[in-house]
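Q: File structure03.txt below, compact mmCIF, C-alpha atoms and all ligand atoms:
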```
# COMPACT_ATOMS: atom_id res chain seq x y z
CA MET A 285 132.62 124.18 69.01
CA GLN A 286 133.35 120.56 68.06
CA LYS A 287 134.16 119.76 71.70
CA ARG A 288 130.85 121.23 72.92
CA LYS A 289 128.99 119.13 70.40
CA ILE A 290 130.71 115.95 71.58
CA ILE A 291 129.93 116.78 75.22
CA LYS A 292 126.29 117.37 74.29
CA ILE A 293 126.08 114.00 72.51
CA ILE A 294 127.69 112.24 75.50
CA LEU A 295 125.19 113.89 77.85
CA ILE A 296 122.26 112.76 75.70
CA ILE A 297 123.59 109.16 75.59
CA VAL A 298 124.09 109.12 79.36
CA THR A 299 120.55 110.47 79.97
CA ILE A 300 118.98 107.91 77.61
CA SER A 301 120.89 105.02 79.17
CA PHE A 302 119.55 106.06 82.56
CA LEU A 303 115.97 106.21 81.32
CA ILE A 304 115.88 102.95 79.34
CA PRO A 305 115.77 100.62 82.39
CA TYR A 306 112.90 102.67 83.85
CA TYR A 307 110.94 102.36 80.64
CA PHE A 308 111.21 98.58 80.46
CA LEU A 309 111.26 97.56 84.08
CA GLU A 310 108.62 99.90 85.43
CA ASP A 311 105.99 98.10 87.49
CA LYS A 312 105.48 95.14 85.15
CA ASN A 313 103.42 92.24 86.42
CA ASP A 314 100.88 89.70 85.19
CA LEU A 315 98.16 90.78 87.54
CA LEU A 316 94.87 92.49 87.05
CA GLU A 317 94.59 95.44 89.43
CA ILE A 318 91.28 96.88 90.57
CA HIS A 319 91.71 100.05 92.61
CA PHE A 320 88.59 101.17 94.44
CA ILE A 321 89.89 104.66 95.00
CA ASP A 322 88.88 106.56 98.11
CA VAL A 323 86.99 109.49 96.56
CA GLY A 324 84.86 110.28 99.61
CA GLN A 325 81.14 109.95 98.94
CA GLY A 326 81.13 108.65 95.37
CA ASP A 327 82.54 105.99 93.07
CA GLY A 328 85.91 106.01 91.35
CA ILE A 329 87.49 102.79 90.10
CA LEU A 330 90.71 102.28 88.18
CA ILE A 331 91.39 98.93 86.54
CA LYS A 332 94.77 98.07 85.03
CA THR A 333 95.36 94.87 83.08
CA PRO A 334 98.64 92.89 82.81
CA ASN A 335 99.35 94.61 79.46
CA ASP A 336 98.68 98.04 80.91
CA LYS A 337 95.23 98.55 79.40
CA VAL A 338 93.37 100.96 81.61
CA LEU A 339 89.68 101.13 82.38
CA ILE A 340 88.18 103.79 84.61
CA ILE A 341 84.67 103.44 85.99
CA ASP A 342 83.48 106.80 87.35
CA GLY A 343 85.67 109.49 88.92
CA GLY A 344 84.14 110.63 92.19
CA PRO A 345 83.03 114.19 93.03
CA TYR A 346 86.43 115.94 93.35
CA ASP A 347 88.93 117.22 90.83
CA ASP A 348 91.89 115.51 92.51
CA PHE A 349 90.78 112.16 91.02
CA ASN A 350 93.14 112.70 88.10
CA LYS A 351 96.12 112.89 90.48
CA LYS A 352 95.02 109.69 92.17
CA VAL A 353 94.81 108.02 88.75
CA SER A 354 98.29 109.28 87.73
CA SER A 355 99.84 107.91 90.91
CA LYS A 356 98.65 104.41 90.04
CA LEU A 357 99.69 104.33 86.37
CA PRO A 358 103.11 103.72 84.87
CA TYR A 359 104.86 107.00 84.02
CA ARG A 360 104.78 106.31 80.28
CA LYS A 361 101.03 105.57 80.20
CA ARG A 362 99.34 108.64 78.78
CA ASN A 363 96.04 107.23 77.58
CA ILE A 364 92.95 105.73 79.15
CA ASP A 365 91.74 102.89 76.95
CA LEU A 366 88.16 102.93 78.19
CA LEU A 367 86.20 105.14 80.51
CA VAL A 368 82.75 104.28 81.82
CA ILE A 369 80.46 107.02 83.10
CA THR A 370 77.86 104.94 84.92
CA HIS A 371 75.31 107.73 85.19
CA ALA A 372 74.83 111.48 85.29
CA HIS A 373 75.32 112.13 89.01
CA GLN A 374 78.14 114.37 90.23
CA ASP A 375 79.54 111.88 92.73
CA HIS A 376 80.37 109.71 89.71
CA TYR A 377 81.33 112.08 86.88
CA LEU A 378 82.78 115.34 88.28
CA GLY A 379 86.30 113.98 88.82
CA LEU A 380 86.35 112.72 85.23
CA ILE A 381 86.57 116.25 83.80
CA ASN A 382 90.20 116.56 84.91
CA VAL A 383 90.97 113.09 83.58
CA LEU A 384 89.64 114.12 80.16
CA GLU A 385 91.69 117.31 80.27
CA ASN A 386 94.92 115.49 81.18
CA TYR A 387 94.78 112.13 79.41
CA ARG A 388 93.99 110.93 75.94
CA VAL A 389 90.80 108.93 76.40
CA ASP A 390 90.21 106.45 73.58
CA ASN A 391 86.68 105.23 74.27
CA ILE A 392 83.82 106.14 76.56
CA ILE A 393 80.76 104.09 77.47
CA TYR A 394 77.84 105.91 78.99
CA SER A 395 74.19 105.17 79.68
CA GLY A 396 72.84 107.40 76.92
CA TYR A 397 70.68 109.16 79.52
CA ASP A 398 71.78 112.78 79.83
CA ALA A 399 71.26 115.36 82.55
CA ASP A 400 71.20 119.13 82.21
CA PHE A 401 73.58 120.00 85.09
CA SER A 402 76.00 122.58 83.71
CA ASP A 403 79.12 120.57 84.60
CA TYR A 404 77.64 117.47 82.97
CA VAL A 405 76.91 119.48 79.83
CA TYR A 406 80.53 120.69 79.94
CA LEU A 407 81.78 117.11 80.33
CA MET A 408 79.81 116.01 77.29
CA SER A 409 81.02 119.01 75.26
CA LEU A 410 84.61 118.10 76.16
CA ILE A 411 84.04 114.57 74.87
CA LYS A 412 82.66 115.94 71.62
CA GLU A 413 85.42 118.52 71.23
CA LYS A 414 88.09 115.84 71.72
CA ASN A 415 86.34 113.58 69.22
CA ILE A 416 86.33 110.63 71.64
CA ASN A 417 84.52 107.48 70.57
CA LEU A 418 81.33 107.66 72.66
CA ILE A 419 79.43 104.39 72.94
CA THR A 420 75.94 104.02 74.37
CA ALA A 421 75.80 101.00 76.67
CA GLN A 422 73.96 98.11 75.12
CA TYR A 423 72.89 95.08 77.12
CA GLY A 424 74.79 91.91 76.19
CA LYS A 425 77.66 93.68 74.44
CA ILE A 426 81.03 92.09 75.16
CA ILE A 427 84.18 94.18 75.02
CA SER A 428 87.66 92.72 75.01
CA LEU A 429 89.91 94.77 77.27
CA ASP A 430 93.01 92.61 77.15
CA LYS A 431 93.97 88.98 76.49
CA ASP A 432 91.51 86.83 78.53
CA ILE A 433 89.85 89.93 80.01
CA ASN A 434 86.37 90.74 78.83
CA LEU A 435 83.66 93.12 79.92
CA LYS A 436 80.00 92.31 79.54
CA ILE A 437 77.40 95.04 79.73
CA LEU A 438 74.51 93.93 81.94
CA TYR A 439 72.53 97.17 82.13
CA PRO A 440 70.64 99.17 80.90
CA ILE A 441 68.66 96.44 79.19
CA SER A 442 67.38 98.95 76.66
CA GLN A 443 68.11 102.62 76.27
CA LYS A 444 66.31 104.72 78.86
CA VAL A 445 64.07 107.51 77.61
CA GLU A 446 62.10 108.41 80.71
CA GLU A 447 63.48 107.47 84.09
CA LYS A 448 62.47 109.17 87.34
CA ASP A 449 65.50 107.87 89.21
CA ILE A 450 68.78 108.57 87.38
CA ASN A 451 70.41 105.90 89.56
CA ASN A 452 68.46 103.40 87.51
CA THR A 453 70.19 104.46 84.32
CA SER A 454 73.52 103.19 85.72
CA VAL A 455 75.70 101.19 83.38
CA VAL A 456 76.41 97.81 85.00
CA ILE A 457 79.43 95.82 83.91
CA LYS A 458 80.76 92.36 84.61
CA LEU A 459 84.49 91.87 84.20
CA GLU A 460 85.78 88.36 83.53
CA PHE A 461 89.41 87.26 83.74
CA LYS A 462 89.65 83.46 83.41
CA ASN A 463 88.19 82.16 86.71
CA PHE A 464 87.96 85.57 88.32
CA ASP A 465 85.05 87.97 87.91
CA ALA A 466 83.70 91.20 89.35
CA ILE A 467 80.47 93.15 88.91
CA PHE A 468 80.32 96.94 89.02
CA THR A 469 76.83 98.27 89.56
CA GLY A 470 77.09 102.07 89.69
CA ASP A 471 74.12 103.31 91.73
CA LEU A 472 71.61 100.76 90.47
CA THR A 473 68.68 100.17 92.81
CA CYS A 474 66.62 97.02 93.43
CA ALA A 475 64.26 97.89 90.53
CA GLY A 476 67.17 97.82 88.09
CA GLU A 477 68.60 94.69 89.69
CA ALA A 478 65.23 92.94 89.17
CA GLU A 479 65.26 93.98 85.52
CA ILE A 480 68.69 92.37 85.00
CA LEU A 481 67.47 89.17 86.65
CA LYS A 482 64.75 88.82 84.00
CA TYR A 483 67.53 88.33 81.46
CA GLU A 484 70.39 86.85 83.47
CA THR A 485 69.78 83.71 85.49
CA ASN A 486 73.29 83.30 86.84
CA LEU A 487 75.35 86.33 87.75
CA GLU A 488 77.77 84.50 90.03
CA SER A 489 80.75 86.70 90.73
CA LYS A 490 83.69 86.66 93.12
CA ILE A 491 83.57 90.43 93.73
CA LEU A 492 80.60 92.77 93.84
CA LYS A 493 80.93 96.53 93.89
CA VAL A 494 77.80 97.21 95.91
CA GLY A 495 75.16 99.44 94.31
CA HIS A 496 74.51 103.03 95.42
CA HIS A 497 77.06 103.19 98.26
CA GLY A 498 75.21 100.50 100.25
CA SER A 499 71.87 102.31 100.32
CA LYS A 500 68.77 100.61 101.66
CA GLY A 501 67.21 100.42 98.20
CA SER A 502 70.05 98.51 96.52
CA SER A 503 71.57 95.02 96.89
CA CYS A 504 68.26 93.20 97.28
CA ASN A 505 68.18 89.52 98.20
CA SER A 506 67.35 88.15 94.76
CA PHE A 507 70.29 89.99 93.19
CA LEU A 508 72.65 88.77 95.91
CA GLU A 509 71.33 85.23 95.52
CA SER A 510 72.24 85.36 91.85
CA THR A 511 75.62 87.09 92.22
CA LYS A 512 76.71 85.08 95.31
CA PRO A 513 79.62 87.45 95.99
CA GLU A 514 82.57 86.21 98.04
CA LEU A 515 83.79 89.73 98.72
CA VAL A 516 81.95 93.03 98.41
CA VAL A 517 83.25 96.57 98.20
CA ILE A 518 81.28 99.62 99.28
CA GLN A 519 82.52 102.97 98.01
CA VAL A 520 81.24 105.46 100.52
CA GLY A 521 82.33 108.66 102.27
CA LEU A 522 83.04 108.90 105.99
CA ASP A 523 80.11 110.44 107.93
CA ASN A 524 78.17 111.13 104.73
CA LYS A 525 74.85 112.98 104.96
CA PHE A 526 72.91 110.06 103.42
CA ASN A 527 73.90 107.68 106.21
CA HIS A 528 75.24 105.23 103.66
CA PRO A 529 75.67 102.33 103.96
CA HIS A 530 72.31 101.40 105.45
CA LYS A 531 72.18 98.70 108.13
CA ASP A 532 69.53 96.73 106.17
CA ALA A 533 71.80 96.51 103.13
CA ILE A 534 74.71 95.44 105.35
CA SER A 535 72.64 92.69 106.98
CA ARG A 536 71.53 91.41 103.53
CA LEU A 537 75.18 91.40 102.37
CA ASN A 538 76.22 89.62 105.56
CA LYS A 539 74.06 86.64 104.64
CA PHE A 540 76.43 86.02 101.73
CA THR A 541 79.79 87.16 102.93
CA ASN A 542 81.64 88.56 105.90
CA LYS A 543 84.17 90.17 103.60
CA ILE A 544 82.70 93.65 103.35
CA LEU A 545 85.37 96.20 102.50
CA ARG A 546 84.44 99.89 102.79
CA THR A 547 86.41 102.88 101.56
CA ASP A 548 85.19 105.03 104.46
CA GLU A 549 86.86 102.63 106.88
CA LEU A 550 89.84 101.45 104.85
CA GLY A 551 90.65 104.14 102.29
CA THR A 552 91.61 102.94 98.83
CA ILE A 553 91.13 99.20 98.36
CA LEU A 554 93.16 97.26 95.83
CA ILE A 555 92.07 93.86 94.54
CA LEU A 556 94.67 91.86 92.62
CA SER A 557 94.04 88.75 90.56
CA ASN A 558 96.06 86.40 88.37
CA GLY A 559 92.86 85.07 86.80
CA ASN A 560 92.47 82.26 89.32
CA GLU A 561 93.16 83.58 92.78
CA TYR A 562 92.56 87.06 94.06
CA TRP A 563 93.56 89.00 97.14
CA SER A 564 93.03 92.44 98.57
CA LYS A 565 95.41 95.14 99.75
CA ILE A 566 94.56 98.25 101.65
CA ILE A 567 96.28 101.40 100.45
CA LYS A 568 96.19 104.15 103.03
ZN ZN A 601 76.45 107.72 93.74
```
Go ahead and render the structure in this file as structure tokens.
Ligand SMILES: [Zn+2]
A:
Amino acid sequence: MQKRKIIKIILIIVTISFLIPYYFLEDKNDLLEIHFIDVGQGDGILIKTPNDKVLIIDGGPYDDFNKKVSSKLPYRKRNIDLLVITHAHQDHYLGLINVLENYRVDNIIYSGYDADFSDYVYLMSLIKEKNINLITAQYGKIISLDKDINLKILYPISQKVEEKDINNTSVVIKLEFKNFDAIFTGDLTCAGEAEILKYETNLESKILKVGHHGSKGSSCNSFLESTKPELVVIQVGLDNKFNHPHKDAISRLNKFTNKILRTDELGTILILSNGNEYWSKIIK
């Protein structure tokens, strides 16, 4: 009996000593990672900070988004610090249901504009049931995500009550990390962009996640003149029925940059930054 006990203790010690190096050495770096995940026709973005804070912006239309998230997070990470649901369209929120069922989500920001689709109602009931801190996006609010990494809410300017186009309820966020910045626009159209420009005179940003999958009615000249993006990312599905991205939007973007990265052509796109420089990696 005594012998079996000793063997058991030895086995436990051996197992722990194997696991300890994994726990401490796993994937540690000082870089901000922005994964524009290939979710087909939709948006799904995972952001991981140097101290492993995790922000998710939208989750695409399929329930495998959770698996894609898991594959990019350290094994020990079991919570999502902040989740942003830009707006109540399925190509942005459906994949988030599985994330909510599999991870502890600490905070959620949403537009405050609800839809009555049954899966959206289920998503909201899940948030309530899990008692997650649900924050309505408020223009100008600044959220600290990690040391030197802040998010600024740019849209909606005021809470939407009546809006014919749900795309124009999209939460828009600017992320700042020292000299690096990126704007995430959800599916905002030119009307929403113009509203932001009434309040923000300089939106200059290294990276722009292009609005509404590169549709004709987003990424208007005045918004691009203010954001002056060096690199733009279009999250869009291959051969999608909407014919996104539209050639007019592409030609407007081309006036500002020739770095147009598309998930339909490249798959998942990873942008890395140390707060000064940034670079992109294509993950097939
Ligand atoms: Zn969309």
Q: Which is closer to Asp430 (chain A) than all the others in A:Pro529, A:Gly328, A:Pro334, A:Gly559, using all atoms listed in the file?
A: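 When distances to Asp430 (chain A) are compared using all atoms listed in the file, the smallest one comes from A:Pro334.
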Q: Please indicate the distance in Å from CA of His373 (chain A) to CA of Ala399 (chain A), rounded to one decimal place.
A: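 Value for the CA of His373 (chain A)-CA of Ala399 (chain A) distance: 8.3 Å.
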Q: Kindly give the distance, in Å, that separates CA of Leu418 (chain A) and CA of Ser395 (chain A), rounded to a single decimal.
A: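 Rounded to one decimal, the two atoms are 10.3 Å apart.
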Q: Report as a VMD selection string which protein, DNA and RNA residues come within 12 Å of ligand ZN 601 (chain A), using only C-alpha atoms and all ligand atoms.
A: chain A and resid 323 to 328 342 to 345 369 to 378 449 to 454 469 to 473 494 to 499 502 518 to 521 524 526 528 to 529
Q: What gap, in Å, lies between CA of Val445 (chain A) and CA of Leu410 (chain A)?
A: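 Between CA of Val445 (chain A) and CA of Leu410 (chain A) the gap is 23.2 Å.
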Q: Which residue out of A:Lys356, A:Arg536, A:Arg362, A:Lys332 has the minimum interatomic distance to Leu508 (chain A) when all atoms listed in the file are used?
A: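 Selected residue with least distance to Leu508 (chain A): A:Arg536.
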Q: Between A:Glu484, A:Asp403, A:Glu514, A:Glu460, which is the closest to Lys543 (chain A) once you count only C-alpha atoms?
A: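 Under the stated criterion, the closest residue is A:Glu514.
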Q: What's the 6 Å shell around region 347-353 of chain A, counting all atoms listed in the file, without same-chain residues fewer than 5 positions away, as a ChimeraX atom specification?
A: /A:379,382-383
Q: Residues of region 433-546 of chain A that have any atom at most 9 Å from an atom of region 550-553 of chain A: could you tabulate them with the shortest-distance atom pair and the distance in Å to one decimal, using all atoms listed in the file, ordered by chain and increasing number, as a Markdown table?
A:
```
| residue | atom | partner | partner_atom | distance |
| --- | --- | --- | --- | --- |
| A:Val517 | CA | A:Ile553 | CA | 8.3 |
| A:Leu545 | CA | A:Leu550 | CA | 7.3 |
| A:Arg546 | CA | A:Leu550 | CA | 6.0 |
```
Q: Counting only C-alpha atoms, which residue out of A:Leu429, A:Leu487, A:Ile392, A:Ile555 sits closest to Lys412 (chain A)?
A: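 Closest to Lys412 (chain A) of all the choices is A:Ile392.
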Q: Could you check which of A:Tyr562, A:Tyr404, A:Tyr423, A:Tyr387 is closest to Leu366 (chain A), using only C-alpha atoms?
A: A:Tyr387
Q: For a quick check of your reading of the model, name the residues lying within 12 Å of the coordinate (76.7, 94.2, 73.2), counting all atoms listed in the file, and write them as an MDAnalysis selection string.
A: chainID A and resid 393 419:428 434:442 457
Q: Using only C-alpha atoms, pick whichever of A:Ser535, A:Ser564, A:Asn542, A:Asn527 has the shortest atom-to-atom distance to Pro513 (chain A).
A: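 Selected residue with least distance to Pro513 (chain A): A:Asn542.
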Q: I want to know what sits within 12 Å of Glu317 (chain A), based on all atoms listed in the file, with residues of the same chain fewer than 4 positions away left out; could you give that as a ChimeraX atom specification?
A: /A:311-313,321,329-340,356-357,433,459,461,464,466,553-559,562-565
Q: So which residues touch Asp390 (chain A) within 10 Å, counting all atoms listed in the file, skipping near sequence neighbours fewer than 5 positions away, as number ranges by chain?
A: A: 363-367, 414-418
